[in-house]
Structures are given as structure tokens and as C-alpha cells.
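A.B. asks: Here it is, the structure in full.
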Amino acid sequence: MAKKQQNGNRVRDALRAGDKLPDPASSPVGPEKKAKGGKKLESAGEQLAGLQEALYAEGIGGGARSVLLVLQGMDTSGKGGTVGHVLGLVNPMGVQYAGFKKPTAAELRHDFLWRIRKKLPSPGHLGVFDRSHYEDVLVPRVLGQLPAAERRERYAQINAFEKELTDSGTAIVKVFLHISPEEQLSRLTARLDRPEKRWKFDPSDIDARRQWPAYEKAYADVLKRTSTEHAPWYVVPADRKWYRNWAVAELLVETLTEMDPQFPEPTYDVDEQRAALQGVGVPGR
């Protein structure tokens, strides 16, 4: 049983945030070549689709559990791409997506977790946060708008909030997509070079790039202060898109496999309904 549990946590154990970040182009676990990664993603997608269907059915049947995937990373690290390539493998009926940008004036009148709570996944659903409550620590810190004391208070609030979620049945998968500045330069340049991609470019991306060291320090602090037993951080090397997609898919597969969602038992007699079905003809046939 112990061996099965260890194997079931293979990717989570390998990618769990530690004192040192992996190389953004490395393969800490899993495939090292794109062709093999593509095949493994296909296999992971099949598992993920089946597990997500069971979770959705469990929710329909009255279950309270859900999954929340939190995606954080520098610009171009692939948050949107991950959503498309990984969550595109499952039934969209069971997915709830939320993207968080700069808080609006109305949102700023509330506690910073107020807008987050409104977007939490319903029972049976796989929720996705494209950026999240961590933006309300990272960005103001880099801009010099969040004193250290307030930052520590927000860390405490986040940890308590996530403990509340896990206690209520929401499994949290927090992923930091780790990209190198060299790869970011390549991707930002490609957005400018390709007319169909220019809509994704924002001049503010350049301002954020100038502050790369400050963001590195801010992310390191977030990983250290908010990676807990109930909601650990996973660091996914994101320079290679195919590896990023496989790793996130596997993190979800392992999480859902451990949850072991169950299809609800029918509230009717199966044999009775089968006999009734066979006895009903189609008019005109």
C-alpha cells in the first residue's frame, strides 16, 4: 500500500516547491523528449477526463468536493496555454474558469479575498484560476505599495483561507509556471512579430520585465510562506510548452486519483428500468 501511495505522488513529490527552483528548461520528472511528452499527455488526458467526469457526477449526486487549479507565473509563462491544452482535454461542463486582473474600484472596497470567494468552484467542478489571490501580494509588493507587516498579514489570511477550502472538500493544486527571462524575451518578440498574436501583447509587459529581479524575490517569498501541507506549491519548468502541459495534467491526475471520486448510485431499480425500456416501442416503427 505504501508503494502504491508513493507511486501515486510521483509527479507531485518531484515538483513540490523547495529551497531551490529547477532549471526552467529541465525535466525533473517524466518525459525528456517532445514526442514522448505528447504521447504521455494524451494518456494523461484520457485519465483526467474520466476522473473529472466522476467528480462532476459525484457533485450532481450531492457530493461537496471540488478541485481548484491555481496558475501563477510571469508574463508568457503559459497560464492561458495551460488552460487551453490541459483543461481542453476534459468536458467543459465540469470546468469553471476565472481570470483575475487588476482589481476594479468596486473590488478594492472589499477585502482582497472577496472577489476570489465569488469565483470558487462549485461542488463537482474543476475550477481554474488564471492568476489569483496571490496577485494581491505580488504586484503591490513589487510596486512598493505593500509594507512588510501587511504582506505578512496577507500571507496569514491566504493560508487560513486555503485551509478553510481544503477542510470543506476543495483540493487545491497551486502551480508556479517557471519561465526563464530568455524564453520570455523570445515569446514577447514573437507576439510582436506575428500580427495574429499582437492582441496578446501589452506594453506593460515591458515594465514588468524590467522588474524581473523584484518579481523573482516576491515569488520566492510566496513559495516559502504559503506552501503548506494542505495546499503546497508545485514548480513546473515552463520553457518547454509540451512539458508544462504534461506536468500540469499529471498533477491533476494524481490529485484526482487520490480523491477517488465516485459515480453516484442510481436512485431507481436498474433491472426494473431496463425491462420498462424494452417494453416501450417507438410510434411508427
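Following the order of the C-alpha cells, chains are lettered A, B, ..., residues in each are numbered from 1, and ligands are numbered from 1.
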Near stretch 192-205 of chain A, within 9 Å and counting only C-alpha atoms, which residues show up once chain neighbours fewer than 5 positions away are dropped, as a list in words?

C.D. replies: Asp75, Arg187 and Arg210 of chain A

A.B. asks: As a ChimeraX atom specification, list the residues of stretch 156-260 of chain A assigned to strand (DSSP E) by DSSP on the backbone atoms of this structure.

C.D. replies: /A:170-178,233-237

A.B. asks: So which residues touch stretch 109-123 of chain A within 8 Å, counting only C-alpha atoms, skipping near sequence neighbours fewer than 3 positions away, as number ranges by chain?

C.D. replies: A: 56, 59, 63-68, 96, 98, 105-106, 126-127, 132-133, 136

A.B. asks: Which residue out of A:Asp269, A:Asp260, A:Glu216, A:Glu153 has the minimum interatomic distance to A:Glu53 when only C-alpha atoms are used?

C.D. replies: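 Among A:Asp269, A:Asp260, A:Glu216, A:Glu153, it is A:Asp260 that comes nearest to A:Glu53.
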
A.B. asks: List every residue of stretch 17-91 of chain A that DSSP, applied to the backbone of this structure, assigns to helix (DSSP H, G or I), and report them as number ranges by chain.

C.D. replies: A: 34-60, 79-89

A.B. asks: Filtering to C-alpha atoms, could you give me those residues as a compact mmCIF listing (two decimals), in the first residue's frame?

C.D. replies:
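So out-v4.txt came out as:
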# COMPACT_ATOMS: atom_id res chain seq x y z
CA LYS A 34 8.65 16.30 -27.03
CA ALA A 35 7.37 13.27 -28.96
CA LYS A 36 7.16 11.13 -25.84
CA GLY A 37 5.70 14.05 -23.91
CA GLY A 38 2.91 14.34 -26.45
CA LYS A 39 2.00 10.67 -26.09
CA LYS A 40 2.09 10.89 -22.31
CA LEU A 41 -0.13 13.98 -22.37
CA GLU A 42 -2.65 12.08 -24.47
CA SER A 43 -2.65 9.25 -21.94
CA ALA A 44 -2.91 11.67 -19.02
CA GLY A 45 -5.78 13.42 -20.79
CA GLU A 46 -7.77 10.22 -21.00
CA GLN A 47 -7.27 9.57 -17.28
CA LEU A 48 -8.08 13.18 -16.42
CA ALA A 49 -11.29 13.15 -18.47
CA GLY A 50 -12.53 10.01 -16.72
CA LEU A 51 -11.68 11.30 -13.25
CA GLN A 52 -13.23 14.68 -13.93
CA GLU A 53 -16.43 13.06 -15.20
CA ALA A 54 -16.64 11.04 -11.98
CA LEU A 55 -16.10 14.19 -9.89
CA TYR A 56 -18.80 16.04 -11.84
CA ALA A 57 -21.23 13.13 -11.43
CA GLU A 58 -20.40 12.96 -7.74
CA GLY A 59 -21.29 16.63 -7.43
CA ILE A 60 -24.57 16.14 -9.29
CA LYS A 79 -1.17 30.27 -17.96
CA GLY A 80 -3.64 30.64 -20.81
CA GLY A 81 -1.91 27.98 -22.87
CA THR A 82 -2.10 25.54 -19.99
CA VAL A 83 -5.81 26.18 -19.62
CA GLY A 84 -6.36 25.51 -23.32
CA HIS A 85 -4.17 22.43 -23.67
CA VAL A 86 -4.89 20.75 -20.33
CA LEU A 87 -8.44 21.74 -19.44
CA GLY A 88 -9.35 21.33 -23.09
CA LEU A 89 -8.91 17.60 -22.52

A.B. asks: Find the residues near stretch 231-241 of chain A: any atom within 6 Å, counting only C-alpha atoms, skip ones fewer than 2 places away on the same chain, and give them as an MDAnalysis selection string.

C.D. replies: chainID A and resid 15:17 24:25 172 174:179 227:229 243:244
